[in-house]
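query.txt follows; it contains compact mmCIF, C-alpha atoms.
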# COMPACT_ATOMS: atom_id res chain seq x y z
CA MET T 1 -24.68 99.56 160.87
CA PRO T 2 -21.94 97.75 162.76
CA THR T 3 -22.76 94.35 164.15
CA TYR T 4 -22.21 93.49 167.76
CA GLN T 5 -21.00 89.95 168.37
CA PRO T 6 -22.00 87.89 171.39
CA ALA T 7 -19.11 87.66 173.83
CA LYS T 8 -18.28 87.09 177.48
CA LEU T 9 -17.01 89.56 180.03
CA LEU T 10 -14.86 87.99 182.72
CA ARG T 11 -14.18 89.93 185.89
CA LEU T 12 -11.61 88.87 188.42
CA HIS T 13 -11.73 90.57 191.80
CA ILE T 14 -8.40 90.20 193.57
CA ALA T 15 -6.10 92.21 195.83
CA GLU T 16 -3.07 94.27 194.92
CA SER T 17 -0.88 92.28 197.31
CA ASP T 18 -1.81 88.88 195.83
CA ARG T 19 1.18 87.23 194.29
CA PHE T 20 1.74 84.40 191.85
CA GLY T 21 4.97 83.01 190.46
CA GLY T 22 7.16 85.66 192.07
CA LYS T 23 5.25 88.69 190.82
CA ALA T 24 1.97 90.49 191.33
CA LEU T 25 -0.99 88.26 190.56
CA HIS T 26 -2.56 90.74 188.14
CA GLU T 27 0.69 90.90 186.17
CA SER T 28 0.82 87.11 186.00
CA ILE T 29 -2.78 86.97 184.86
CA LEU T 30 -2.07 89.49 182.11
CA GLU T 31 0.94 87.48 180.98
CA LYS T 32 -1.14 84.31 180.91
CA CYS T 33 -3.82 86.07 178.87
CA ARG T 34 -1.26 87.12 176.29
CA GLU T 35 0.15 83.63 176.21
CA LEU T 36 -3.31 82.18 175.56
CA LYS T 37 -3.91 84.85 172.88
CA ILE T 38 -6.85 86.40 174.70
CA ALA T 39 -8.13 89.49 172.85
CA GLY T 40 -7.44 91.92 175.66
CA ALA T 41 -7.42 92.57 179.37
CA THR T 42 -7.57 95.67 181.55
CA VAL T 43 -6.51 96.00 185.18
CA PHE T 44 -8.27 98.55 187.39
CA ARG T 45 -7.30 99.54 190.89
CA GLY T 46 -10.09 100.44 193.28
CA LEU T 47 -9.89 103.27 195.80
CA GLU T 48 -11.24 101.23 198.64
CA GLY T 49 -13.18 98.02 199.16
CA TYR T 50 -13.67 94.85 201.08
CA GLY T 51 -14.08 91.24 200.16
CA GLU T 52 -14.60 87.77 201.45
CA THR T 53 -12.15 88.00 204.30
CA ALA T 54 -13.85 91.25 205.38
CA GLU T 55 -10.63 93.15 205.69
CA ILE T 56 -10.98 96.64 204.36
CA HIS T 57 -8.60 97.43 201.55
CA ARG T 58 -7.60 100.99 202.25
CA PRO T 59 -4.34 102.80 201.69
CA HIS T 60 -2.11 103.19 204.73
CA LEU T 61 0.81 105.48 205.11
CA LEU T 62 3.44 102.92 204.30
CA SER T 63 1.65 99.90 202.93
CA ARG T 64 -1.38 99.44 200.80
CA ASP T 65 -3.43 96.53 199.64
CA LEU T 66 -6.09 97.94 197.37
CA PRO T 67 -8.71 95.98 195.47
CA ILE T 68 -7.86 95.04 191.88
CA VAL T 69 -10.30 94.14 189.14
CA VAL T 70 -9.13 92.48 185.94
CA GLN T 71 -11.63 92.74 183.10
CA ILE T 72 -11.37 90.49 180.08
CA VAL T 73 -13.67 90.48 177.04
CA ASP T 74 -13.47 87.69 174.49
CA THR T 75 -15.52 85.00 172.77
CA ALA T 76 -17.19 82.36 174.93
CA GLU T 77 -14.72 79.70 173.73
CA ASN T 78 -11.69 81.75 174.63
CA ILE T 79 -13.10 82.61 178.06
CA GLU T 80 -13.81 78.91 178.63
CA ARG T 81 -10.20 78.19 177.71
CA LEU T 82 -8.87 80.86 180.06
CA LEU T 83 -11.15 80.12 182.99
CA PRO T 84 -9.53 76.93 184.38
CA VAL T 85 -6.11 78.57 184.12
CA VAL T 86 -7.00 81.66 186.13
CA GLU T 87 -9.01 79.56 188.58
CA GLY T 88 -5.80 77.77 189.39
CA MET T 89 -3.94 81.04 189.88
CA LEU T 90 -6.42 82.62 192.29
CA GLU T 91 -6.04 81.54 195.88
CA LYS T 92 -8.80 83.80 197.02
CA GLY T 93 -10.94 86.25 195.18
CA LEU T 94 -14.00 86.35 193.02
CA ILE T 95 -14.61 85.40 189.40
CA ALA T 96 -17.71 86.73 187.65
CA ILE T 97 -18.82 86.15 184.06
CA SER T 98 -21.53 88.01 182.20
CA ALA T 99 -22.94 87.70 178.72
CA VAL T 100 -22.31 90.80 176.60
CA SER T 101 -22.40 91.91 173.00
CA ALA T 102 -19.17 93.42 171.82
CA LEU T 103 -18.01 95.58 168.93
CA ARG T 104 -14.32 95.83 168.11
CA ILE T 105 -13.49 99.11 166.37
CA HIS T 106 -10.30 99.39 164.43
CA LYS T 107 -10.19 102.13 161.82
CA MET H 1 -39.13 126.74 178.01
CA LEU H 2 -38.00 125.52 174.61
CA SER H 3 -37.09 121.92 174.10
CA LYS H 4 -34.18 120.60 172.10
CA GLY H 5 -34.66 119.81 168.45
CA VAL H 6 -36.14 121.35 165.33
CA ALA H 7 -37.55 124.88 165.64
CA LYS H 8 -38.12 128.08 163.67
CA LYS H 9 -36.21 131.32 163.89
CA VAL H 10 -37.94 134.54 162.87
CA MET H 11 -36.04 137.71 161.99
CA ILE H 12 -37.78 141.03 161.52
CA TYR H 13 -35.86 143.97 160.09
CA LEU H 14 -37.21 147.42 160.94
CA ASN H 15 -36.22 151.01 161.34
CA GLU H 16 -35.88 152.41 164.78
CA ASP H 17 -38.35 155.18 164.08
CA THR H 18 -41.08 153.05 162.48
CA GLN H 19 -44.16 153.66 164.57
CA HIS H 20 -47.12 151.50 165.48
CA HIS H 21 -49.96 153.14 167.36
CA LEU H 22 -47.68 155.91 168.66
CA THR H 23 -45.01 153.57 170.05
CA PRO H 24 -41.92 152.28 168.26
CA LEU H 25 -42.82 149.22 166.23
CA TYR H 26 -40.13 147.03 167.75
CA GLU H 27 -41.59 147.70 171.21
CA SER H 28 -45.06 146.76 170.02
CA ILE H 29 -43.70 143.55 168.50
CA LEU H 30 -41.84 142.60 171.68
CA THR H 31 -44.93 143.30 173.79
CA TYR H 32 -47.06 141.23 171.45
CA LEU H 33 -44.61 138.29 171.45
CA MET H 34 -44.40 138.32 175.24
CA HIS H 35 -48.19 138.42 175.46
CA LYS H 36 -48.40 135.37 173.18
CA GLY H 37 -46.00 133.46 175.40
CA VAL H 38 -43.12 133.21 172.93
CA ALA H 39 -40.10 131.73 174.70
CA GLY H 40 -37.89 134.77 174.15
CA ALA H 41 -37.20 137.61 171.74
CA THR H 42 -34.30 139.98 171.22
CA ALA H 43 -34.22 143.38 169.58
CA THR H 44 -30.82 144.50 168.37
CA ARG H 45 -29.86 147.89 167.02
CA ALA H 46 -27.62 147.64 164.02
CA PHE H 47 -24.51 149.70 163.55
CA ALA H 48 -25.30 150.54 159.95
CA GLY H 49 -27.33 149.23 157.05
CA PHE H 50 -29.72 149.95 154.23
CA GLY H 51 -33.09 148.63 153.20
CA ALA H 52 -35.74 148.90 150.50
CA HIS H 53 -35.63 152.69 150.62
CA ALA H 54 -31.96 152.58 149.52
CA VAL H 55 -30.96 155.05 152.23
CA LEU H 56 -27.80 154.15 154.05
CA HIS H 57 -28.50 154.34 157.77
CA THR H 58 -25.30 155.14 159.55
CA PRO H 59 -24.40 156.87 162.81
CA LYS H 60 -21.97 159.13 160.91
CA MET H 61 -24.78 161.23 159.49
CA GLU H 62 -26.55 163.02 162.29
CA ALA H 63 -29.78 163.37 160.41
CA LEU H 64 -29.95 159.62 159.84
CA ALA H 65 -28.66 158.52 163.21
CA GLU H 66 -32.21 158.30 164.48
CA HIS H 67 -33.17 155.94 161.71
CA LEU H 68 -30.86 153.04 162.41
CA PRO H 69 -31.97 149.53 161.55
CA ILE H 70 -33.43 147.33 164.29
CA ARG H 71 -33.61 143.57 164.13
CA VAL H 72 -36.09 141.63 166.26
CA GLU H 73 -35.46 137.91 166.43
CA PHE H 74 -37.06 135.05 168.25
CA ILE H 75 -37.01 131.25 168.20
CA ASP H 76 -39.95 128.99 168.91
CA SER H 77 -41.73 125.88 167.70
CA ALA H 78 -43.16 125.82 164.18
CA GLU H 79 -46.73 125.90 165.54
CA LYS H 80 -46.07 128.95 167.69
CA VAL H 81 -44.43 130.76 164.80
CA GLU H 82 -47.41 129.99 162.53
CA GLU H 83 -49.67 131.33 165.24
CA VAL H 84 -47.96 134.72 165.57
CA LEU H 85 -46.95 135.28 161.94
CA PRO H 86 -50.27 136.68 160.63
CA THR H 87 -50.32 139.38 163.29
CA LEU H 88 -46.66 140.21 162.70
CA TYR H 89 -47.39 140.41 158.99
CA ASP H 90 -50.06 142.93 159.76
CA MET H 91 -47.93 144.95 162.18
CA VAL H 92 -44.82 145.32 160.04
CA THR H 93 -45.85 148.10 157.66
CA ASP H 94 -42.29 148.96 156.73
CA GLY H 95 -39.67 146.25 156.97
CA LEU H 96 -38.90 142.62 156.28
CA ILE H 97 -39.92 139.37 157.98
CA GLU H 98 -37.92 136.22 157.44
CA VAL H 99 -38.29 132.69 158.84
CA GLN H 100 -35.53 130.10 159.04
CA ASP H 101 -35.40 126.47 160.03
CA THR H 102 -33.16 126.01 163.02
CA ARG H 103 -32.18 123.43 165.57
CA ILE H 104 -32.13 124.10 169.29
CA VAL H 105 -29.03 122.54 170.78
CA LYS H 106 -29.41 123.75 174.32
CA ALA H 107 -32.11 125.64 176.15
CA ALA H 108 -31.04 126.11 179.73
CA MET H 109 -32.59 128.20 182.44
CA LYS H 110 -30.75 128.58 185.71
CA GLU H 111 -33.07 129.88 188.43
CA LYS H 112 -36.25 128.35 187.09
CA ARG H 113 -34.87 124.89 187.48
CA GLN H 114 -34.86 124.97 191.27
CA SER H 115 -38.27 126.56 191.76
CA GLU H 116 -39.95 124.26 189.30
CA SER H 117 -41.62 121.33 190.96
CA LYS H 118 -39.23 118.52 190.12
CA PRO H 119 -40.36 115.25 188.61
CA PRO H 120 -39.84 112.32 190.96
CA ARG H 121 -36.19 112.12 191.85
CA THR H 122 -36.12 108.39 192.12
CA ARG H 123 -36.73 105.85 189.43
CA GLU H 124 -37.53 102.38 190.62
CA ALA H 125 -36.23 99.09 189.34
CA ALA H 126 -36.06 98.89 185.56
CA LYS H 127 -34.35 97.03 182.77
CA ALA H 128 -31.46 98.94 181.30
CA LYS H 129 -28.26 98.50 179.33
CA LEU H 130 -24.68 98.89 180.44
CA MET H 131 -22.14 100.03 177.87
CA GLN H 132 -18.44 99.81 178.51
CA ILE H 133 -16.04 101.52 176.13
CA PHE H 134 -12.39 100.50 176.21
CA PHE H 135 -9.63 102.57 174.65
CA GLY H 136 -6.35 104.30 175.51
CA GLU H 137 -5.75 107.37 177.63
CA ALA H 138 -3.58 108.88 174.88
CA ASP H 139 -6.32 108.59 172.24
CA ARG H 140 -7.43 111.99 171.04
CA TRP H 141 -10.39 113.52 169.26
CA HIS H 142 -9.95 116.93 167.63
CA ASP H 143 -7.09 118.02 169.89
CA GLU H 144 -8.66 116.91 173.16
CA PRO H 145 -8.53 113.65 175.07
CA LEU H 146 -11.02 111.16 173.65
CA TYR H 147 -12.52 110.43 177.07
CA ASP H 148 -13.28 114.14 177.53
CA ALA H 149 -14.81 114.35 174.07
CA ILE H 150 -16.97 111.25 174.61
CA LEU H 151 -18.15 112.56 177.97
CA LYS H 152 -19.11 115.91 176.47
CA GLN H 153 -20.93 114.20 173.62
CA LEU H 154 -22.86 111.99 176.03
CA ARG H 155 -23.78 114.98 178.16
CA MET H 156 -25.07 116.82 175.12
CA MET H 157 -27.20 113.79 174.26
CA GLU H 158 -28.63 113.94 177.79
CA ILE H 159 -27.39 110.51 178.69
CA ALA H 160 -28.12 109.86 182.36
CA GLY H 161 -24.52 109.39 183.43
CA ALA H 162 -21.08 108.12 182.54
CA THR H 163 -17.97 107.29 184.53
CA VAL H 164 -14.38 107.25 183.28
CA TYR H 165 -12.02 104.70 184.82
CA ARG H 166 -8.29 104.57 184.33
CA GLY H 167 -6.69 101.15 184.42
CA ILE H 168 -3.27 100.52 185.86
CA ASP H 169 -2.27 97.90 183.33
CA GLY H 170 -3.67 96.11 180.33
CA TYR H 171 -3.43 95.28 176.66
CA GLY H 172 -5.82 95.31 173.72
CA ALA H 173 -5.80 94.11 170.17
CA LYS H 174 -2.93 96.46 169.38
CA GLY H 175 -0.86 94.16 171.52
CA HIS H 176 1.13 96.89 173.21
CA SER H 177 0.97 97.01 176.92
CA HIS H 178 -0.67 99.97 178.58
CA LYS H 179 1.48 100.12 181.63
CA LYS H 180 2.69 103.04 183.62
CA SER H 181 6.42 103.04 183.47
CA PHE H 182 8.82 105.08 185.52
CA PHE H 183 10.80 106.15 182.50
CA HIS H 184 7.89 106.88 180.25
CA ILE H 185 6.61 110.42 180.40
CA SER H 186 3.89 109.85 177.84
CA ARG H 187 1.22 107.82 179.50
CA ASP H 188 -1.11 105.61 177.57
CA LEU H 189 -2.93 103.72 180.27
CA PRO H 190 -6.15 101.91 179.47
CA VAL H 191 -9.33 103.92 179.92
CA MET H 192 -12.84 102.56 180.31
CA ILE H 193 -16.05 104.57 180.25
CA SER H 194 -19.17 102.94 181.61
CA VAL H 195 -22.65 104.20 180.80
CA ILE H 196 -26.01 102.93 182.04
CA GLU H 197 -29.11 103.98 180.15
CA SER H 198 -32.37 102.75 178.69
CA GLU H 199 -31.94 100.59 175.60
CA GLU H 200 -33.16 103.27 173.19
CA LYS H 201 -30.91 106.05 174.48
CA LEU H 202 -27.96 103.73 174.89
CA ASN H 203 -28.20 102.70 171.24
CA GLN H 204 -28.03 106.38 170.26
CA ALA H 205 -25.03 106.83 172.53
CA ALA H 206 -23.34 103.73 171.12
CA SER H 207 -23.62 104.90 167.53
CA ALA H 208 -22.24 108.31 168.48
CA VAL H 209 -19.29 106.70 170.25
CA GLU H 210 -18.72 104.27 167.36
CA GLY H 211 -17.99 107.25 165.13
CA MET H 212 -15.49 108.75 167.55
CA LEU H 213 -13.54 105.63 168.43
CA GLU H 214 -10.48 104.97 166.31
CA ASP H 215 -9.33 101.82 167.98
CA GLY H 216 -11.17 100.28 170.85
CA LEU H 217 -13.89 98.00 172.07
CA ILE H 218 -17.53 98.61 172.93
CA VAL H 219 -19.25 96.07 175.16
CA ILE H 220 -22.98 96.15 175.87
CA SER H 221 -24.81 94.01 178.40
CA ASP H 222 -28.20 93.84 180.11
CA VAL H 223 -28.46 95.19 183.62
CA ASP H 224 -31.19 95.76 186.16
CA VAL H 225 -31.26 99.26 187.54
CA VAL H 226 -32.31 98.89 191.16
CA ARG H 227 -32.78 102.50 191.97
CA LEU H 228 -31.84 105.81 190.45
CA VAL H 229 -31.60 108.83 192.72
CA HIS H 230 -30.90 112.36 191.54
CA ALA H 231 -28.78 114.54 193.74
CA ASN H 232 -30.61 117.88 193.43
CA LEU H 233 -32.62 118.34 196.56
CA PRO H 234 -36.05 119.98 196.69
CA THR H 235 -35.92 123.67 197.63
CA SER H 236 -38.83 123.49 200.07
Would you mind writing the structure in this file as structure tokens?
Amino acid sequence: MPTYQPAKLLRLHIAESDRFGGKALHESILEKCRELKIAGATVFRGLEGYGETAEIHRPHLLSRDLPIVVQIVDTAENIERLLPVVEGMLEKGLIAISAVSALRIHK
Amino acid sequence: MLSKGVAKKVMIYLNEDTQHHLTPLYESILTYLMHKGVAGATATRAFAGFGAHAVLHTPKMEALAEHLPIRVEFIDSAEKVEEVLPTLYDMVTDGLIEVQDTRIVKAAMKEKRQSESKPPRTREAAKAKLMQIFFGEADRWHDEPLYDAILKQLRMMEIAGATVYRGIDGYGAKGHSHKKSFFHISRDLPVMISVIESEEKLNQAASAVEGMLEDGLIVISDVDVVRLVHANLPTS
């Protein structure tokens, strides 16, 4: 019986067009996560959505600004370590944390 | 209709010309089983065979072509089988009855489903569990994509629902980046499957997925299901 460890799931809701340090914000966040030796991160792109500024993120013919969600799962300590860093990177957006139990499988 | 799980399979071997009250025995057996409400029964004519009489029944010999073997088989619960066996024992004056343990994997009925009065289509607020499974798009399971295999497995376990998401970028413990690159034909983007179910069923699903995952992460958290609505509309 494998044992699930308590962990935290961090979700960052941002936009595809957000930028930080000369590149896409989600790329910068991923780089920062690697730098801080965070266990892993996944970037998802939504099909459509809207956020705080109430503009609808929907693909246009030439330009698009779709919603992006970055999901990070790691121990509570590591998430605490990462949190102030990403808070500083996000100009607008949403950060959500939930308590989870996690099982890392590596055969 | 039969439900999934353990059941009994009964096989009766007869001759086509064995009679029972002036009708062929296999017809009498089928009529009896239907009358007793057995879920279903099939009579099959064999191509050739031999039985206790040590006469080879084959269509090649005209005289014996009328005496080909017949097999009647049906599957039902152990109780039902126990109920009908004494009568079958009595009816089969020339032949063989055999019972096997079996497992029903799927029992589906197409038309009946719509006419049946459906249970309530909505489930109100309840505590549930959310499972998220993270792995790579290129991961495979027995020559098919792992996400397909997991989805099929979950469907067979009658898990309420699952959604597969493909990420656009990411990295896991392997350290290699899952990023779509212009020059890379082989794609290994991150994939996430999310499943929401009751705690009991989700635990079953989790242990099934644990066995299939080579390298990945399973995350489980508590959620509140606000409302669950099924899509199939009432026929009336």
Spatial neighbours of Thr31 (chain H), max dist 12 Å, only C-alpha atoms, sep filter under 5 positions, as an mmCIF file with C-alpha atoms, in the coordinates of the input:
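The resulting file, around38.cif, is shown below:
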data_model
loop_
_atom_site.group_PDB
_atom_site.id
_atom_site.type_symbol
_atom_site.label_atom_id
_atom_site.label_comp_id
_atom_site.auth_asym_id
_atom_site.auth_seq_id
_atom_site.Cartn_x
_atom_site.Cartn_y
_atom_site.Cartn_z
ATOM 1 C CA HIS H 20 -47.120 151.500 165.480
ATOM 2 C CA THR H 23 -45.010 153.570 170.050
ATOM 3 C CA PRO H 24 -41.920 152.280 168.260
ATOM 4 C CA LEU H 25 -42.820 149.220 166.230
ATOM 5 C CA TYR H 26 -40.130 147.030 167.750
ATOM 6 C CA LYS H 36 -48.400 135.370 173.180
ATOM 7 C CA GLY H 37 -46.000 133.460 175.400
ATOM 8 C CA VAL H 38 -43.120 133.210 172.930
ATOM 9 C CA GLY H 40 -37.890 134.770 174.150
ATOM 10 C CA ALA H 41 -37.200 137.610 171.740
ATOM 11 C CA THR H 42 -34.300 139.980 171.220
ATOM 12 C CA ALA H 43 -34.220 143.380 169.580
ATOM 13 C CA VAL H 72 -36.090 141.630 166.260
ATOM 14 C CA LEU H 88 -46.660 140.210 162.700
#
Practice problem: Can you pull out every residue within 7 Å of Gln132 (chain H), counting all atoms listed in the file, but drop anything in the same chain fewer than 4 positions away, and send it as a VMD selection string? | Solution: chain H and resid 192 to 195 218 to 220
Quiz prompt | Given all atoms listed in the file as the counted atoms, nearest of H:Ser221, H:Ser3, H:Ser77, H:Thr163 to chain T | solution = H:Ser221
Quiz item: CA of Ala39 (chain T) and CA of Asp188 (chain H) are how many Å apart?
Solution: 18.2 Å
Interface rows for chain H against chain T: nearest pair, Å to one decimal, 9 Å, all atoms listed in the file, as a tab-separated table:
residue	atom	partner	partner_atom	distance
H:Phe134	CA	T:Thr42	CA	8.7
H:Tyr165	CA	T:Phe44	CA	7.6
H:Arg166	CA	T:Phe44	CA	6.8
H:Gly167	CA	T:Phe44	CA	4.3
H:Ile168	CA	T:Phe44	CA	5.6
H:Asp169	CA	T:Val43	CA	5.0
H:Gly170	CA	T:Thr42	CA	4.1
H:Tyr171	CA	T:Gly40	CA	5.3
H:Gly172	CA	T:Gly40	CA	4.2
H:Ala173	CA	T:Ala39	CA	5.8
H:Lys174	CA	T:Gly40	CA	9.0
H:Gly175	CA	T:Gly40	CA	8.1
H:His178	CA	T:Thr42	CA	8.7
H:Pro190	CA	T:Thr42	CA	6.7
H:Val191	CA	T:Thr42	CA	8.6
H:Met192	CA	T:Thr42	CA	8.8
H:Ser207	CA	T:Met1	CA	8.6
H:Glu210	CA	T:Ile105	CA	7.4
H:Leu213	CA	T:Ile105	CA	6.8
H:Glu214	CA	T:Lys107	CA	5.3
H:Asp215	CA	T:His106	CA	4.4
H:Gly216	CA	T:Ile105	CA	5.2
H:Leu217	CA	T:Arg104	CA	4.5
H:Ile218	CA	T:Leu103	CA	5.0
H:Val219	CA	T:Ala102	CA	4.3
H:Ile220	CA	T:Ser101	CA	5.2
H:Ser221	CA	T:Val100	CA	4.4
H:Asp222	CA	T:Val100	CA	7.5
Output for the residues just chosen: C-alpha atoms as a PDB file, in the coordinates of the input:
ATOM      1  CA  PHE H 134     -12.390 100.500 176.210  1.00  0.00           C
ATOM      2  CA  TYR H 165     -12.020 104.700 184.820  1.00  0.00           C
ATOM      3  CA  ARG H 166      -8.290 104.570 184.330  1.00  0.00           C
ATOM      4  CA  GLY H 167      -6.690 101.150 184.420  1.00  0.00           C
ATOM      5  CA  ILE H 168      -3.270 100.520 185.860  1.00  0.00           C
ATOM      6  CA  ASP H 169      -2.270  97.900 183.330  1.00  0.00           C
ATOM      7  CA  GLY H 170      -3.670  96.110 180.330  1.00  0.00           C
ATOM      8  CA  TYR H 171      -3.430  95.280 176.660  1.00  0.00           C
ATOM      9  CA  GLY H 172      -5.820  95.310 173.720  1.00  0.00           C
ATOM     10  CA  ALA H 173      -5.800  94.110 170.170  1.00  0.00           C
ATOM     11  CA  LYS H 174      -2.930  96.460 169.380  1.00  0.00           C
ATOM     12  CA  GLY H 175      -0.860  94.160 171.520  1.00  0.00           C
ATOM     13  CA  HIS H 178      -0.670  99.970 178.580  1.00  0.00           C
ATOM     14  CA  PRO H 190      -6.150 101.910 179.470  1.00  0.00           C
ATOM     15  CA  VAL H 191      -9.330 103.920 179.920  1.00  0.00           C
ATOM     16  CA  MET H 192     -12.840 102.560 180.310  1.00  0.00           C
ATOM     17  CA  SER H 207     -23.620 104.900 167.530  1.00  0.00           C
ATOM     18  CA  GLU H 210     -18.720 104.270 167.360  1.00  0.00           C
ATOM     19  CA  LEU H 213     -13.540 105.630 168.430  1.00  0.00           C
ATOM     20  CA  GLU H 214     -10.480 104.970 166.310  1.00  0.00           C
ATOM     21  CA  ASP H 215      -9.330 101.820 167.980  1.00  0.00           C
ATOM     22  CA  GLY H 216     -11.170 100.280 170.850  1.00  0.00           C
ATOM     23  CA  LEU H 217     -13.890  98.000 172.070  1.00  0.00           C
ATOM     24  CA  ILE H 218     -17.530  98.610 172.930  1.00  0.00           C
ATOM     25  CA  VAL H 219     -19.250  96.070 175.160  1.00  0.00           C
ATOM     26  CA  ILE H 220     -22.980  96.150 175.870  1.00  0.00           C
ATOM     27  CA  SER H 221     -24.810  94.010 178.400  1.00  0.00           C
ATOM     28  CA  ASP H 222     -28.200  93.840 180.110  1.00  0.00           C
TER      29      ASP H 222
END
Self-check item: Nearest to Ser28 (chain H) by atom-to-atom distance, counting all atoms listed in the file, from H:Met131, H:Val92, H:Met1, H:Ala52
Solution: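 Of H:Met131, H:Val92, H:Met1, H:Ala52, the one nearest Ser28 (chain H) is H:Val92, counting all atoms listed in the file.
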Quiz prompt | Interatomic distance, CA of Lys32 (chain T) to CA of His13 (chain T) (Å, one decimal) | solution =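 A separation of 16.4 Å between them.
If you look at CA of Leu36 (chain T) and CA of Leu83 (chain T), they are 11.0 Å away from each other.
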Quiz prompt | Nearest residue to Arg81 (chain T) from the set T:Leu47, T:Glu35, T:Lys23, T:Arg64 (distances using all atoms listed in the file) | solution = T:Glu35
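Candidate residues H:Arg71, H:Arg45, H:Arg155, H:Arg187 were compared for distance to Pro59 (chain H), and the nearest is H:Arg45, using all atoms listed in the file.
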Quiz item: What's the 10 Å shell around Asn203 (chain H), counting only C-alpha atoms, without same-chain residues fewer than 5 positions away, as a VMD selection string?
Solution: chain H and resid 129 131 197 to 198 208 to 209 220
Proximity of region 137-219 of chain H to region 4-17 of chain H: per-residue shortest pair, 12 Å limit, only C-alpha atoms, as CSV:
residue,atom,partner,partner_atom,distance
H:Met156,CA,H:Lys4,CA,10.3
H:Met157,CA,H:Lys4,CA,10.0
H:Glu158,CA,H:Lys4,CA,10.4
